[in-house]
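Peer 1: The following file, entry_39.cif, comprises mmCIF, C-alpha atoms:
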```cif
data_structure
#
loop_
_atom_site.label_atom_id
_atom_site.label_comp_id
_atom_site.auth_asym_id
_atom_site.auth_seq_id
_atom_site.Cartn_x
_atom_site.Cartn_y
_atom_site.Cartn_z
CA MET M 1 -3.93 3.47 3.50
CA THR M 2 -0.24 3.09 2.96
CA TYR M 3 2.67 4.82 4.64
CA ASP M 4 6.38 5.40 4.47
CA VAL M 5 7.85 6.82 7.63
CA ALA M 6 11.56 7.65 7.60
CA THR M 7 13.17 5.46 10.27
CA THR M 8 16.81 6.45 9.95
CA THR M 9 16.53 8.44 13.19
CA PRO M 10 15.16 7.44 16.64
CA GLU M 11 12.50 10.14 16.20
CA GLY M 12 11.46 8.53 12.90
CA ALA M 13 11.22 5.09 14.44
CA GLN M 14 9.07 6.55 17.21
CA ARG M 15 6.78 8.24 14.63
CA LEU M 16 6.43 4.92 12.80
CA ARG M 17 5.34 3.17 16.00
CA ARG M 18 2.86 5.95 16.78
CA VAL M 19 1.41 5.89 13.24
CA ALA M 20 0.99 2.10 13.41
CA LYS M 21 -0.66 2.33 16.83
CA VAL M 22 -3.20 4.91 15.66
CA CYS M 23 -3.99 2.90 12.53
CA GLU M 24 -4.44 -0.28 14.56
CA GLY M 25 -7.32 1.49 16.30
CA TYR M 26 -9.11 1.88 12.98
CA GLY M 27 -8.37 -1.10 10.79
CA LEU M 28 -6.49 -4.23 9.89
CA ARG M 29 -2.75 -4.23 9.28
CA VAL M 30 -2.34 -6.36 6.15
CA GLN M 31 1.30 -5.54 5.46
CA LYS M 32 4.05 -3.71 7.35
CA SER M 33 2.99 -0.36 5.90
CA VAL M 34 -0.54 -1.08 4.67
CA PHE M 35 -3.79 -0.89 6.60
CA GLU M 36 -7.29 -1.70 5.38
CA VAL M 37 -9.86 0.43 7.19
CA VAL M 38 -13.65 0.21 7.09
CA CYS M 39 -15.06 3.34 8.71
CA THR M 40 -17.35 6.35 8.55
CA ASP M 41 -16.56 9.75 7.01
CA ALA M 42 -16.19 11.14 10.53
CA ASP M 43 -13.62 8.46 11.34
CA VAL M 44 -11.63 9.44 8.24
CA LEU M 45 -11.40 13.01 9.49
CA ARG M 46 -10.36 11.87 12.96
CA LEU M 47 -7.76 9.50 11.54
CA ASN M 48 -6.32 12.17 9.21
CA ASP M 49 -6.14 14.61 12.11
CA ALA M 50 -4.40 12.09 14.38
CA LEU M 51 -1.86 11.19 11.69
CA LEU M 52 -1.08 14.81 10.83
CA ARG M 53 -0.18 15.42 14.47
CA ILE M 54 2.38 12.59 14.35
CA ILE M 55 4.12 12.61 10.99
CA SER M 56 6.89 14.80 9.64
CA ASP M 57 5.65 16.94 6.74
CA THR M 58 8.89 16.52 4.86
CA GLU M 59 10.17 13.04 5.75
CA ASP M 60 7.04 10.86 5.96
CA SER M 61 4.41 9.96 3.40
CA ILE M 62 0.89 8.64 3.86
CA ARG M 63 -1.51 7.78 1.05
CA ILE M 64 -5.21 7.14 1.70
CA TYR M 65 -7.03 5.36 -1.13
CA ARG M 66 -10.82 5.41 -0.94
CA MET M 67 -12.08 2.04 -2.14
CA HIS M 68 -15.52 1.01 -3.31
CA GLN M 69 -17.45 -1.49 -1.22
CA GLY M 70 -16.41 -4.99 -2.13
CA SER M 71 -12.92 -3.93 -3.27
CA PHE M 72 -11.24 -5.72 -0.39
CA LYS M 73 -12.95 -8.96 -1.34
CA ALA M 74 -11.62 -8.58 -4.89
CA VAL M 75 -8.00 -8.05 -3.83
CA THR M 76 -5.54 -10.40 -5.49
CA THR M 77 -2.99 -11.81 -3.08
CA LEU M 78 0.29 -13.44 -4.07
CA GLY M 79 2.64 -15.26 -1.72
CA ALA M 80 1.90 -15.20 1.99
CA ALA M 81 -0.79 -12.50 1.69
CA ARG M 82 -4.33 -13.54 2.54
CA PRO M 83 -7.66 -11.77 1.98
CA LEU M 84 -9.21 -10.51 5.19
CA PRO M 85 -12.88 -10.10 6.14
CA HIS M 86 -14.40 -6.64 6.43
CA ASP M 87 -17.85 -5.36 7.28
CA GLY M 88 -19.13 -1.82 7.35
CA ALA M 89 -20.38 1.17 5.49
CA LEU M 90 -17.36 2.98 4.11
CA VAL M 91 -14.25 1.35 2.80
CA LEU M 92 -11.30 3.72 2.94
CA MET C 1 -0.26 -2.97 -5.56
CA THR C 2 1.58 -3.26 -2.29
CA TYR C 3 4.29 -5.65 -1.22
CA ASP C 4 6.26 -6.90 1.74
CA VAL C 5 9.33 -8.87 0.81
CA ALA C 6 11.33 -10.37 3.69
CA THR C 7 14.78 -8.78 3.51
CA THR C 8 16.50 -10.43 6.45
CA THR C 9 18.49 -12.63 4.08
CA PRO C 10 20.58 -11.72 0.99
CA GLU C 11 18.13 -13.83 -1.08
CA GLY C 12 15.24 -11.75 0.27
CA ALA C 13 16.99 -8.49 -0.53
CA GLN C 14 17.58 -9.76 -4.06
CA ARG C 15 13.90 -10.73 -4.43
CA LEU C 16 12.91 -7.24 -3.28
CA ARG C 17 15.11 -5.63 -5.93
CA ARG C 18 13.72 -7.95 -8.61
CA VAL C 19 10.09 -7.28 -7.58
CA ALA C 20 10.70 -3.52 -7.64
CA LYS C 21 12.39 -3.74 -11.05
CA VAL C 22 9.46 -5.69 -12.57
CA CYS C 23 6.92 -3.25 -11.09
CA GLU C 24 8.86 -0.27 -12.38
CA GLY C 25 8.19 -1.60 -15.86
CA TYR C 26 4.45 -1.34 -15.27
CA GLY C 27 3.73 1.64 -13.06
CA LEU C 28 4.74 4.43 -10.75
CA ARG C 29 6.47 3.79 -7.43
CA VAL C 30 4.65 6.06 -4.99
CA GLN C 31 6.11 4.63 -1.80
CA LYS C 32 8.86 2.14 -0.97
CA SER C 33 6.46 -0.79 -1.23
CA VAL C 34 3.56 0.70 -3.18
CA PHE C 35 3.11 0.96 -6.93
CA GLU C 36 0.24 2.55 -8.85
CA VAL C 37 -0.27 0.78 -12.17
CA VAL C 38 -2.54 1.72 -15.06
CA CYS C 39 -2.70 -1.20 -17.46
CA THR C 40 -4.75 -3.69 -19.45
CA ASP C 41 -6.13 -7.00 -18.21
CA ALA C 42 -3.41 -8.77 -20.20
CA ASP C 43 -0.76 -6.72 -18.42
CA VAL C 44 -2.22 -7.76 -15.07
CA LEU C 45 -1.77 -11.41 -15.99
CA ARG C 46 1.79 -10.82 -17.21
CA LEU C 47 2.65 -8.87 -14.06
CA ASN C 48 1.18 -11.55 -11.76
CA ASP C 49 3.07 -14.23 -13.61
CA ALA C 50 6.37 -12.33 -13.42
CA LEU C 51 5.93 -11.68 -9.69
CA LEU C 52 5.02 -15.29 -8.89
CA ARG C 53 8.30 -16.38 -10.48
CA ILE C 54 10.26 -14.11 -8.12
CA ILE C 55 8.63 -14.15 -4.70
CA SER C 56 8.80 -16.69 -1.90
CA ASP C 57 5.37 -18.25 -1.29
CA THR C 58 5.89 -18.30 2.45
CA GLU C 59 8.00 -15.23 3.21
CA ASP C 60 6.75 -12.52 0.84
CA SER C 61 3.37 -10.90 0.44
CA ILE C 62 1.90 -9.00 -2.49
CA ARG C 63 -1.56 -7.43 -2.57
CA ILE C 64 -3.11 -6.13 -5.78
CA TYR C 65 -6.07 -3.78 -5.33
CA ARG C 66 -8.16 -3.11 -8.41
CA MET C 67 -9.19 0.53 -8.36
CA HIS C 68 -11.94 2.30 -10.24
CA GLN C 69 -10.97 4.90 -12.80
CA GLY C 70 -10.38 8.23 -11.11
CA SER C 71 -9.42 6.63 -7.78
CA PHE C 72 -5.82 7.78 -8.06
CA LYS C 73 -6.95 11.37 -8.50
CA ALA C 74 -9.03 11.08 -5.33
CA VAL C 75 -6.17 9.76 -3.19
CA THR C 76 -5.57 11.73 -0.01
CA THR C 77 -1.91 12.39 0.66
CA LEU C 78 -0.44 13.46 4.00
CA GLY C 79 3.14 14.57 4.58
CA ALA C 80 5.59 14.30 1.72
CA ALA C 81 3.26 12.18 -0.46
CA ARG C 82 2.04 13.81 -3.66
CA PRO C 83 -0.69 12.77 -6.10
CA LEU C 84 0.68 11.54 -9.42
CA PRO C 85 -0.82 11.76 -12.91
CA HIS C 86 -2.13 8.64 -14.63
CA ASP C 87 -3.77 7.93 -17.96
CA GLY C 88 -5.12 4.72 -19.33
CA ALA C 89 -7.90 2.21 -19.45
CA LEU C 90 -7.56 0.02 -16.40
CA VAL C 91 -6.45 1.12 -13.01
CA LEU C 92 -5.05 -1.76 -10.98
#
```
Please, can you express the file's structure as structure tokens?
Peer 2:
Amino acid sequence: MTYDVATTTPEGAQRLRRVAKVCEGYGLRVQKSVFEVVCTDADVLRLNDALLRIISDTEDSIRIYRMHQGSFKAVTTLGAARPLPHDGALVL
Amino acid sequence: MTYDVATTTPEGAQRLRRVAKVCEGYGLRVQKSVFEVVCTDADVLRLNDALLRIISDTEDSIRIYRMHQGSFKAVTTLGAARPLPHDGALVL
């Protein structure tokens, strides 16, 4: 999942911190605004619900890409990025 | 593909602009640091090569996720994010 949260206001910066904190409970932060999450369908619903309670409908943007199993292993990394290990049933 | 480019220096800010400009030639910018690209295998190699010439090996990070066809249609968007149309053979 990837996110843009508008941080030009203190409220925006606070939303960004809250979004990151929620996501850290579910997956691995691989870039500033990118998390890789391995979880169940029920977790996806809980995560969506938690994020919707935080973000601004008009200023922030979150995109959740559902990946096939093994996709994270096949990620190409350039520069300082490194592949990370994942285990589990559903790759979000 | 997703990227973090360190922008604490003028050189970093310039690299970020150059990375974004190259990516804009290949795909759709859906967030500040996220592009969706539909392209051929040859394009992937050209894009990787162009990016490697720009980024800092130690300060910047680029991750390229290879998606299955149809994955972009299945993306979940929260907030201001919107699904975008894509056509083509290979979804990167």
Peer 1: Within 6 Å of chain M, which residues of chain C are there when counting only C-alpha atoms? Please give them as a PDB file with C-alpha atoms, in the frame of the given file.
Peer 2:
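Full text of part.pdb as output:
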```pdb
ATOM      1  CA  ASP C  57       5.370 -18.250  -1.290  1.00  0.00           C
ATOM      2  CA  THR C  58       5.890 -18.300   2.450  1.00  0.00           C
ATOM      3  CA  ASP C  60       6.750 -12.520   0.840  1.00  0.00           C
ATOM      4  CA  SER C  61       3.370 -10.900   0.440  1.00  0.00           C
ATOM      5  CA  ILE C  62       1.900  -9.000  -2.490  1.00  0.00           C
ATOM      6  CA  ARG C  63      -1.560  -7.430  -2.570  1.00  0.00           C
ATOM      7  CA  ILE C  64      -3.110  -6.130  -5.780  1.00  0.00           C
ATOM      8  CA  TYR C  65      -6.070  -3.780  -5.330  1.00  0.00           C
ATOM      9  CA  VAL C  75      -6.170   9.760  -3.190  1.00  0.00           C
ATOM     10  CA  THR C  76      -5.570  11.730  -0.010  1.00  0.00           C
ATOM     11  CA  THR C  77      -1.910  12.390   0.660  1.00  0.00           C
ATOM     12  CA  LEU C  78      -0.440  13.460   4.000  1.00  0.00           C
ATOM     13  CA  GLY C  79       3.140  14.570   4.580  1.00  0.00           C
ATOM     14  CA  ALA C  80       5.590  14.300   1.720  1.00  0.00           C
ATOM     15  CA  ALA C  81       3.260  12.180  -0.460  1.00  0.00           C
TER      16      ALA C  81
END
```
Peer 1: Separation of atom CA of M:Cys39 and atom CA of M:Glu24, in Å?
Peer 2: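 Distance reported for this atom pair: 12.7 Å.
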Peer 1: Grab the atom CA of M:Ala20 to atom CA of C:Thr8 distance for me, in Å with one decimal place.
Peer 2: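 Between atom CA of M:Ala20 and atom CA of C:Thr8 the gap works out to 21.1 Å.
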Peer 1: With chain C held fixed, move chain M onto it by a least-squares fit of all C-alpha atoms in order and give the output as a short mmCIF file (atom, residue, chain, number, x, y, z; two decimals) with C-alpha atoms, keeping the file's coordinate frame.
Peer 2:
```
data_model
loop_
_atom_site.label_atom_id
_atom_site.label_comp_id
_atom_site.auth_asym_id
_atom_site.auth_seq_id
_atom_site.Cartn_x
_atom_site.Cartn_y
_atom_site.Cartn_z
CA MET M 1 -0.23 -2.97 -5.56
CA THR M 2 1.59 -3.25 -2.29
CA TYR M 3 4.30 -5.66 -1.20
CA ASP M 4 6.24 -6.92 1.76
CA VAL M 5 9.32 -8.89 0.84
CA ALA M 6 11.32 -10.41 3.69
CA THR M 7 14.78 -8.83 3.52
CA THR M 8 16.49 -10.46 6.48
CA THR M 9 18.49 -12.66 4.09
CA PRO M 10 20.58 -11.75 0.99
CA GLU M 11 18.14 -13.83 -1.08
CA GLY M 12 15.25 -11.75 0.28
CA ALA M 13 16.98 -8.49 -0.53
CA GLN M 14 17.60 -9.76 -4.05
CA ARG M 15 13.90 -10.73 -4.43
CA LEU M 16 12.90 -7.25 -3.27
CA ARG M 17 15.10 -5.63 -5.92
CA ARG M 18 13.72 -7.95 -8.60
CA VAL M 19 10.09 -7.28 -7.57
CA ALA M 20 10.71 -3.51 -7.64
CA LYS M 21 12.37 -3.74 -11.05
CA VAL M 22 9.46 -5.67 -12.57
CA CYS M 23 6.93 -3.25 -11.08
CA GLU M 24 8.86 -0.25 -12.38
CA GLY M 25 8.19 -1.60 -15.87
CA TYR M 26 4.45 -1.32 -15.28
CA GLY M 27 3.74 1.66 -13.08
CA LEU M 28 4.75 4.44 -10.75
CA ARG M 29 6.47 3.78 -7.45
CA VAL M 30 4.67 6.08 -5.01
CA GLN M 31 6.12 4.65 -1.80
CA LYS M 32 8.87 2.15 -0.98
CA SER M 33 6.47 -0.78 -1.24
CA VAL M 34 3.56 0.72 -3.18
CA PHE M 35 3.12 0.97 -6.93
CA GLU M 36 0.25 2.55 -8.86
CA VAL M 37 -0.25 0.79 -12.18
CA VAL M 38 -2.52 1.74 -15.07
CA CYS M 39 -2.69 -1.20 -17.47
CA THR M 40 -4.74 -3.69 -19.45
CA ASP M 41 -6.13 -7.02 -18.21
CA ALA M 42 -3.42 -8.78 -20.21
CA ASP M 43 -0.75 -6.73 -18.43
CA VAL M 44 -2.20 -7.77 -15.06
CA LEU M 45 -1.77 -11.42 -15.99
CA ARG M 46 1.79 -10.84 -17.19
CA LEU M 47 2.66 -8.89 -14.06
CA ASN M 48 1.17 -11.55 -11.75
CA ASP M 49 3.08 -14.24 -13.62
CA ALA M 50 6.37 -12.33 -13.41
CA LEU M 51 5.93 -11.68 -9.68
CA LEU M 52 5.03 -15.29 -8.88
CA ARG M 53 8.30 -16.40 -10.47
CA ILE M 54 10.25 -14.11 -8.12
CA ILE M 55 8.64 -14.15 -4.69
CA SER M 56 8.80 -16.69 -1.90
CA ASP M 57 5.38 -18.27 -1.30
CA THR M 58 5.90 -18.30 2.44
CA GLU M 59 8.02 -15.23 3.22
CA ASP M 60 6.75 -12.52 0.84
CA SER M 61 3.37 -10.90 0.44
CA ILE M 62 1.90 -8.98 -2.48
CA ARG M 63 -1.55 -7.41 -2.56
CA ILE M 64 -3.10 -6.14 -5.80
CA TYR M 65 -6.05 -3.78 -5.33
CA ARG M 66 -8.15 -3.12 -8.42
CA MET M 67 -9.19 0.52 -8.36
CA HIS M 68 -11.94 2.30 -10.24
CA GLN M 69 -10.96 4.91 -12.80
CA GLY M 70 -10.39 8.22 -11.10
CA SER M 71 -9.43 6.62 -7.76
CA PHE M 72 -5.83 7.78 -8.04
CA LYS M 73 -6.97 11.36 -8.49
CA ALA M 74 -9.04 11.07 -5.31
CA VAL M 75 -6.17 9.76 -3.17
CA THR M 76 -5.57 11.74 0.00
CA THR M 77 -1.91 12.40 0.66
CA LEU M 78 -0.44 13.46 3.99
CA GLY M 79 3.14 14.57 4.56
CA ALA M 80 5.60 14.30 1.70
CA ALA M 81 3.26 12.20 -0.48
CA ARG M 82 2.04 13.82 -3.68
CA PRO M 83 -0.70 12.78 -6.11
CA LEU M 84 0.66 11.54 -9.41
CA PRO M 85 -0.84 11.75 -12.91
CA HIS M 86 -2.17 8.64 -14.61
CA ASP M 87 -3.79 7.97 -17.96
CA GLY M 88 -5.16 4.75 -19.34
CA ALA M 89 -7.93 2.24 -19.46
CA LEU M 90 -7.58 0.02 -16.42
CA VAL M 91 -6.46 1.15 -13.02
CA LEU M 92 -5.07 -1.75 -11.02
#
```
Peer 1: List the spatial neighbours of M:Tyr26 as a list of chain:residue names - criterion: any atom at most 8 Å away, all atoms listed in the file, same-chain residues fewer than 2 positions off excluded.
Peer 2: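 Here the qualifying residues turn out to be M:Val22, M:Cys23, M:Glu24, M:Leu28, M:Val37, M:Val38, M:Cys39, M:Leu47.
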Peer 1: Report the distance between atom CA of C:Ala42 and atom CA of C:Gly27 in Å, rounded to one decimal place.
Peer 2: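 Spanning atom CA of C:Ala42 to atom CA of C:Gly27 is a straight-line distance of 14.5 Å.
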